[in-house]
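Report on the structure given below.
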Number of protein chains: 2
Amino acid sequence: MSLRGLSINLATVRRQFNLAQAVDACLALGITAIAPWRDQIHAIGVKEAASIVRSNRMRVTGLCRGGMFPAADKAGLAAAIEDNKRAIDEAVALQSDCLVLVVGGLPEGSRDLPAARQMVADGLAGILPYARERSMPLAIEPLHPMYAADRACINTLEQALDLCDLLGEGVGIVIDVYHVWWDPNLDQQIARAGAGGRILAHHICDWLVPTRDLLLDRGMMGDGVIDLKSIGTAIQAAGYRGHQEVEIFSSENWWKRPGDEVLSVCAERFLTTCKLQEKPATGK
Amino acid sequence: MSLRGLSINLATVRRQFNLAQAVDACLALGITAIAPWRDQIHAIGVKEAASIVRSNRMRVTGLCRGGMFPAADKAGLAAAIEDNKRAIDEAVALQSDCLVLVVGGLPEGSRDLPAARQMVADGLAGILPYARERSMPLAIEPLHPMYAADRACINTLEQALDLCDLLGEGVGIVIDVYHVWWDPNLDQQIARAGAGGRILAHHICDWLVPTRDLLLDRGMMGDGVIDLKSIGTAIQAAGYRGHQEVEIFSSENWWKRPGDEVLSVCAERFLTTCKLQEKPATGK
């Protein structure tokens with residue numbers, strides 16, 4: 001079966017492969033889309049990274065990551081905005097589908113979540129004109145509520161979509177099943193996102209029971225409790241026709257296995273657990 | 001300053017004290033309210049437990065816990081309903097303010113969250129007449145989304161309150177700051193809960209950064225990032241005049257310290273970090 005529609009977020013094999021190695025390993029399996037992280041790009045330089053991507057005709061489904069806006073002071077927020085503009089430049093150089101934004105949590109010493117959320121809105125407004133001029137979609141990734149303090153204070157699709165409505169064109173969302181699978185309003189907000197043309201990426205992995213670490217114990221699709229087909233179907237029904245991107249942080253399991261094996265399992269599970277019947281684009 | 005308004009959930013000192021010891025240690029500090037767990041009651045028998053509570057004039061702000069409805073089959077759900085009726089009996093014997101319900105997660109092998117949620121609604125409907133006849137309020141505790149799979153598939157105040165609306169009189173909610181502090185709709189849902197007279201308990205502790213364990217790394221009030229005064233103020237503004245109940249699961253810190261020390265710190269932090277100016281009841 002075809003691996004069309006599968007993308008590999010390179011965090012999944014970050015301990016095993018650099019960018020060039022990851023691209024070779026993906027192509028060897030017939031996987032033609034990736035989502036790299038900025039540190040993987042910086043390690044070899046943007047020019048070299050763009051050349052690797054282009055010469056291998058890889059689709060880049062997202063660049064991870066911009067965001068991290070909340071700061072202790074205005075200088076901090078301004079610095080974050082500047083760094084996000086560099087991330088936009090890099091995403092453009094890689095011809096990425098979007099720049100993924102993990103928006104940031106509470107500034108050091110703060111307990112003021114509403115203030116942090118306002119800084120996120122301000123930061124986004126600060127980079128949006130720059131992104132629009134370069135036609136680079138900004139993809140807000142709501143993170144699981146367990147990361148509200150230290151990684152992202154945007155924690156539900158509803159909240160991310162409210163921000164999108166506020167900001168207007170040029171900004172959308174990432175639906176990562178790991179972050180949103182529990183949400184009682186999931187179907188409703190997926191439909192809302194699709195109706196607004198806001199779904200820019202769809203990340204997959206699984207929620208393990210038990211989960212032994214808040215950050216680094218994500219599971220391979222099929223090994224946990226997330227109903228991936230059901231969520232995928234809702235996302236497809238909302239009009240999304242892009243890739244499903246495997247993103248697994250797993251310090252004690254998948255990061256310890258050979259990279260080729262990990263990619264091979266990703267491909268197999270994509271086919272058995274995630275892949276949907278292809279449908280024609282809705283024109284949205 | 002007075003410790004009026006402070007209750008100790010006995011999970012906080014479960015490794016150090018049995019019920020009688022905990023009551024003595026609380027009274028020595030001037031703490032006159034507790035919330036025991038069923039295993040602590042069963043260890044000495046309900047009659048003895050009720051006698052200890054009554055003879056010491058302790059207020060029981062909640063009995064933990066009923067719930068755990070989702071099951072692999074109908075027999076499992078029926079057994080859960082029977083067990084919850086025993087829990088109601090015990091809560092009545094202790095003259096508890098309410099029976100706290102942790103509703104349960106996915107049945108073994110299931111990925112069907114909507115079905116689990118339906119089983120929760122069915123289970124609640126199954127015990128509600130029994131609870132009403134005995135005038136024992138049922139308190140649904142929405143748990144943090146990170147427990148959706150294995151502990152509770154009711155994960156937001158909004159969802160819990162939708163259930164309350166469905167079920168009618170005799171059921172309300174627990175607001176535990178640990179589970180809800182991240183919620184973008186928190187203030188709105190607290191106000192909704194208060195307007196409906198649904199706030200039955202207010203649990204406090206803190207969210208540590210980093211959090212090293214999903215279950216057993218809760219922090220003492222003031223040691224984390226939760227804006228306790230702000231949430232407490234919203235709960236008070238919604239009409240709640242009950243206790244703030246300290247509930248801390250902490251296998252590597254507080255459970256390893258002498259119980260008297262733990263209670264003493266609870267009392268101190270309640271006064272410095274949580275206690276609000278007392279307001280007259282609103283009559284709600």
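Note on naming: chains are A, B, ... as they come in the structure tokens, residues start from 1 per chain, ligands start from 1 in the order shown.
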Next item on the list: Starting from chain B, keep only residues with some atom at most 10 Å from an atom of chain A, counting only C-alpha atoms, and report them as a VMD selection string.
Entry: chain B and resid 106 108 to 114 117 144 to 150 153 to 156 158 to 159 179 to 185 207 to 215 224 to 228 230
So that I have them on file, write out the residues from the current selection with C-alpha atoms, as a short mmCIF file (atom, residue, chain, number, x, y, z; two decimals), in the first residue's frame.
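Dumped to part-v5.cif:
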data_model
loop_
_atom_site.label_atom_id
_atom_site.label_comp_id
_atom_site.auth_asym_id
_atom_site.auth_seq_id
_atom_site.Cartn_x
_atom_site.Cartn_y
_atom_site.Cartn_z
CA LEU B 106 -11.62 3.88 29.61
CA GLU B 108 -9.61 -2.16 29.72
CA GLY B 109 -8.93 -2.48 26.01
CA SER B 110 -11.29 0.30 24.96
CA ARG B 111 -10.49 3.41 22.94
CA ASP B 112 -14.08 4.61 22.96
CA LEU B 113 -14.15 7.75 25.08
CA PRO B 114 -17.71 8.77 24.13
CA ARG B 117 -18.63 9.02 29.10
CA HIS B 144 -7.05 16.81 34.64
CA PRO B 145 -7.06 15.66 31.00
CA MET B 146 -3.88 13.67 31.66
CA TYR B 147 -6.08 11.21 33.60
CA ALA B 148 -8.70 10.79 30.86
CA ALA B 149 -7.59 7.25 30.01
CA ASP B 150 -7.13 5.70 33.41
CA CYS B 153 -13.12 10.76 31.45
CA ILE B 154 -14.84 13.88 32.80
CA ASN B 155 -12.07 16.42 32.30
CA THR B 156 -13.44 19.94 32.43
CA GLU B 158 -17.97 22.54 31.51
CA GLN B 159 -18.35 18.83 30.88
CA HIS B 179 -7.27 19.65 37.65
CA VAL B 180 -8.72 22.87 36.31
CA TRP B 181 -6.21 25.71 36.77
CA TRP B 182 -5.17 25.64 33.09
CA ASP B 183 -8.72 25.88 31.71
CA PRO B 184 -9.29 28.90 29.45
CA ASN B 185 -12.98 28.80 30.43
CA TRP B 207 1.20 22.44 40.17
CA LEU B 208 4.96 22.01 40.31
CA VAL B 209 7.35 22.91 37.48
CA PRO B 210 8.71 20.47 36.59
CA THR B 211 6.13 17.82 37.50
CA ARG B 212 8.01 14.52 37.77
CA ASP B 213 5.11 12.09 37.98
CA LEU B 214 1.63 12.28 36.51
CA LEU B 215 -0.05 11.17 39.73
CA GLY B 224 3.96 25.91 42.23
CA VAL B 225 2.37 28.08 39.56
CA ILE B 226 -1.33 28.01 40.38
CA ASP B 227 -2.83 31.39 41.18
CA LEU B 228 -4.69 30.09 44.23
CA SER B 230 -7.41 34.29 42.12
#
Determine, counting only C-alpha atoms, which protein, DNA and RNA residues have an atom within 10 Å of an atom of Ile44 (chain A); residues of the same chain fewer than 6 positions away are not included. Present the result as a PDB file with all heavy atoms, in the first residue's frame.
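Wrote it out as selection-v1.pdb, contents follow:
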ATOM      1  N   ASN A  18      20.651  12.671  11.514  1.00  0.00           N
ATOM      2  CA  ASN A  18      20.623  14.084  11.149  1.00  0.00           C
ATOM      3  C   ASN A  18      19.694  14.239   9.932  1.00  0.00           C
ATOM      4  O   ASN A  18      19.114  13.248   9.463  1.00  0.00           O
ATOM      5  CB  ASN A  18      22.035  14.626  10.895  1.00  0.00           C
ATOM      6  CG  ASN A  18      22.711  13.953   9.695  1.00  0.00           C
ATOM      7  OD1 ASN A  18      22.030  13.426   8.806  1.00  0.00           O
ATOM      8  ND2 ASN A  18      24.028  13.981   9.660  1.00  0.00           N
ATOM      9  N   LEU A  19      19.559  15.451   9.427  1.00  0.00           N
ATOM     10  CA  LEU A  19      18.587  15.697   8.358  1.00  0.00           C
ATOM     11  C   LEU A  19      18.852  14.827   7.129  1.00  0.00           C
ATOM     12  O   LEU A  19      17.942  14.179   6.606  1.00  0.00           O
ATOM     13  CB  LEU A  19      18.582  17.184   7.978  1.00  0.00           C
ATOM     14  CG  LEU A  19      17.586  17.561   6.872  1.00  0.00           C
ATOM     15  CD1 LEU A  19      16.153  17.467   7.373  1.00  0.00           C
ATOM     16  CD2 LEU A  19      17.857  18.968   6.340  1.00  0.00           C
ATOM     17  N   ALA A  20      20.098  14.818   6.671  1.00  0.00           N
ATOM     18  CA  ALA A  20      20.424  14.070   5.446  1.00  0.00           C
ATOM     19  C   ALA A  20      20.163  12.582   5.642  1.00  0.00           C
ATOM     20  O   ALA A  20      19.589  11.912   4.768  1.00  0.00           O
ATOM     21  CB  ALA A  20      21.886  14.313   5.066  1.00  0.00           C
TER      22      ALA A  20
END
Checklist line | Near-region 135-140 of chain A list (7 Å; only C-alpha atoms; drop same-chain fewer than 2 positions) as a count of residues only | finding: 18
Note to self: Under the rule that only C-alpha atoms are counted, which of A:Glu90, A:Glu141, A:Asp187, A:Asp122 is the nearest residue to Val60 (chain A)?
What the structure shows: A:Glu90
Check: Between CA of Trp37 (chain A) and CA of Met1 (chain A), what is the distance, to one decimal in Å?
Finding: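 Answer for the CA of Trp37 (chain A) to CA of Met1 (chain A) separation: 28.2 Å.
Across the model, the gap from CA of Arg14 (chain B) to CA of Trp254 (chain B) is 10.1 Å.
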Item checked: Backbone-only DSSP, strand (DSSP E) members of region 46-226 of chain B, as a list of chain:residue names ->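 Secondary structure check on region 46-226 of chain B, strand (DSSP E): B:Arg59, B:Val60, B:Leu63, B:Cys64, B:Arg65, B:Gly66, B:Gly67, B:Leu99, B:Val100, B:Leu101, B:Val102, B:Leu138, B:Ala139, B:Ile140, B:Val171, B:Gly172, B:Ile173, B:Val174, B:Ile175, B:Asp176, B:Ile199, B:Leu200, B:Ala201, B:His202, B:His203, B:Ile204.
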Item checked: Distance of CA of Leu143 (chain A) from CA of Leu10 (chain A), expressed in Å to one decimal place ->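 Calculated distance between CA of Leu10 (chain A) and CA of Leu143 (chain A) is 18.4 Å.
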Note to self: Can you pull out every residue from region 20-269 of chain B that DSSP, working from the backbone, puts in helix (DSSP H, G or I), and format the result as a ChimeraX atom specification?
What the structure shows: /B:20-29,38-42,46-55,74-93,113-133,145-147,157-167,177-180,186-195,228-237,254-256,259-269
Margin query: Let me make sure I understand: among A:Ala25, A:Ile204, A:Met68, A:Ile34, which one has the smallest atom-to-atom distance to Ile8 (chain A) if we use only C-alpha atoms?
Written below: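 For Ile8 (chain A), the nearest of the candidates is A:Ile34.
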Next item on the list: Extract, using only C-alpha atoms, all DNA, RNA and protein residues at most 12 Å from Leu276 (chain B), discarding same-chain residues fewer than 5 positions from it, and format them as a ChimeraX atom specification.
Entry: /B:1-6,228-237,240-244,270-271
Export of prior selection with N, CA and C atoms as an mmCIF file, in the first residue's frame:
data_model
loop_
_atom_site.group_PDB
_atom_site.id
_atom_site.type_symbol
_atom_site.label_atom_id
_atom_site.label_comp_id
_atom_site.auth_asym_id
_atom_site.auth_seq_id
_atom_site.Cartn_x
_atom_site.Cartn_y
_atom_site.Cartn_z
ATOM 1 N N MET B 1 -3.975 33.618 63.394
ATOM 2 C CA MET B 1 -5.172 33.656 62.548
ATOM 3 C C MET B 1 -5.924 32.332 62.593
ATOM 4 N N SER B 2 -7.191 32.410 62.340
ATOM 5 C CA SER B 2 -8.043 31.239 62.446
ATOM 6 C C SER B 2 -7.884 30.298 61.254
ATOM 7 N N LEU B 3 -7.962 29.010 61.555
ATOM 8 C CA LEU B 3 -7.924 28.002 60.493
ATOM 9 C C LEU B 3 -9.327 27.593 60.055
ATOM 10 N N ARG B 4 -10.310 28.383 60.461
ATOM 11 C CA ARG B 4 -11.656 28.177 59.962
ATOM 12 C C ARG B 4 -11.612 28.164 58.440
ATOM 13 N N GLY B 5 -12.293 27.233 57.859
ATOM 14 C CA GLY B 5 -12.313 27.178 56.394
ATOM 15 C C GLY B 5 -11.276 26.245 55.808
ATOM 16 N N LEU B 6 -10.415 25.699 56.665
ATOM 17 C CA LEU B 6 -9.408 24.749 56.184
ATOM 18 C C LEU B 6 -9.844 23.316 56.484
ATOM 19 N N LEU B 228 -3.665 30.595 43.315
ATOM 20 C CA LEU B 228 -4.689 30.085 44.228
ATOM 21 C C LEU B 228 -5.643 31.160 44.718
ATOM 22 N N LYS B 229 -5.115 32.327 45.005
ATOM 23 C CA LYS B 229 -5.985 33.414 45.491
ATOM 24 C C LYS B 229 -6.995 33.807 44.425
ATOM 25 N N SER B 230 -6.528 33.876 43.205
ATOM 26 C CA SER B 230 -7.409 34.290 42.117
ATOM 27 C C SER B 230 -8.533 33.269 41.899
ATOM 28 N N ILE B 231 -8.184 31.998 41.896
ATOM 29 C CA ILE B 231 -9.216 30.971 41.714
ATOM 30 C C ILE B 231 -10.150 30.945 42.927
ATOM 31 N N GLY B 232 -9.560 31.055 44.130
ATOM 32 C CA GLY B 232 -10.383 31.084 45.340
ATOM 33 C C GLY B 232 -11.361 32.244 45.339
ATOM 34 N N THR B 233 -10.882 33.386 44.881
ATOM 35 C CA THR B 233 -11.741 34.568 44.820
ATOM 36 C C THR B 233 -12.910 34.347 43.854
ATOM 37 N N ALA B 234 -12.624 33.713 42.729
ATOM 38 C CA ALA B 234 -13.696 33.435 41.756
ATOM 39 C C ALA B 234 -14.716 32.462 42.351
ATOM 40 N N ILE B 235 -14.220 31.478 43.083
ATOM 41 C CA ILE B 235 -15.130 30.493 43.691
ATOM 42 C C ILE B 235 -15.974 31.153 44.779
ATOM 43 N N GLN B 236 -15.348 32.029 45.546
ATOM 44 C CA GLN B 236 -16.101 32.755 46.565
ATOM 45 C C GLN B 236 -17.128 33.687 45.914
ATOM 46 N N ALA B 237 -16.696 34.366 44.861
ATOM 47 C CA ALA B 237 -17.610 35.286 44.162
ATOM 48 C C ALA B 237 -18.804 34.540 43.568
ATOM 49 N N TYR B 240 -19.745 30.293 46.818
ATOM 50 C CA TYR B 240 -19.285 29.172 47.662
ATOM 51 C C TYR B 240 -18.757 29.691 48.991
ATOM 52 N N ARG B 241 -19.206 29.086 50.078
ATOM 53 C CA ARG B 241 -18.757 29.492 51.414
ATOM 54 C C ARG B 241 -18.196 28.314 52.206
ATOM 55 N N GLY B 242 -17.896 27.224 51.492
ATOM 56 C CA GLY B 242 -17.392 26.033 52.176
ATOM 57 C C GLY B 242 -15.895 26.083 52.420
ATOM 58 N N HIS B 243 -15.352 24.929 52.774
ATOM 59 C CA HIS B 243 -13.941 24.823 53.113
ATOM 60 C C HIS B 243 -13.047 24.782 51.877
ATOM 61 N N GLN B 244 -11.778 25.099 52.087
ATOM 62 C CA GLN B 244 -10.738 24.756 51.132
ATOM 63 C C GLN B 244 -10.045 23.512 51.684
ATOM 64 N N PHE B 270 -2.106 27.685 53.992
ATOM 65 C CA PHE B 270 -3.510 28.082 53.867
ATOM 66 C C PHE B 270 -3.664 29.547 54.245
ATOM 67 N N LEU B 271 -3.029 29.910 55.351
ATOM 68 C CA LEU B 271 -3.157 31.293 55.827
ATOM 69 C C LEU B 271 -2.441 32.285 54.908
#
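Distances from B:Leu166, B:Ala267, B:Cys64, B:Ala80 to Ala121 (chain B) were compared using only C-alpha atoms, and the smallest one belongs to B:Leu166.
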Check: Of the candidates B:Leu161, B:Lys279, B:Glu245, B:Ala91, which one gets nearest to Val177 (chain B) if we count only C-alpha atoms?
Finding: B:Glu245
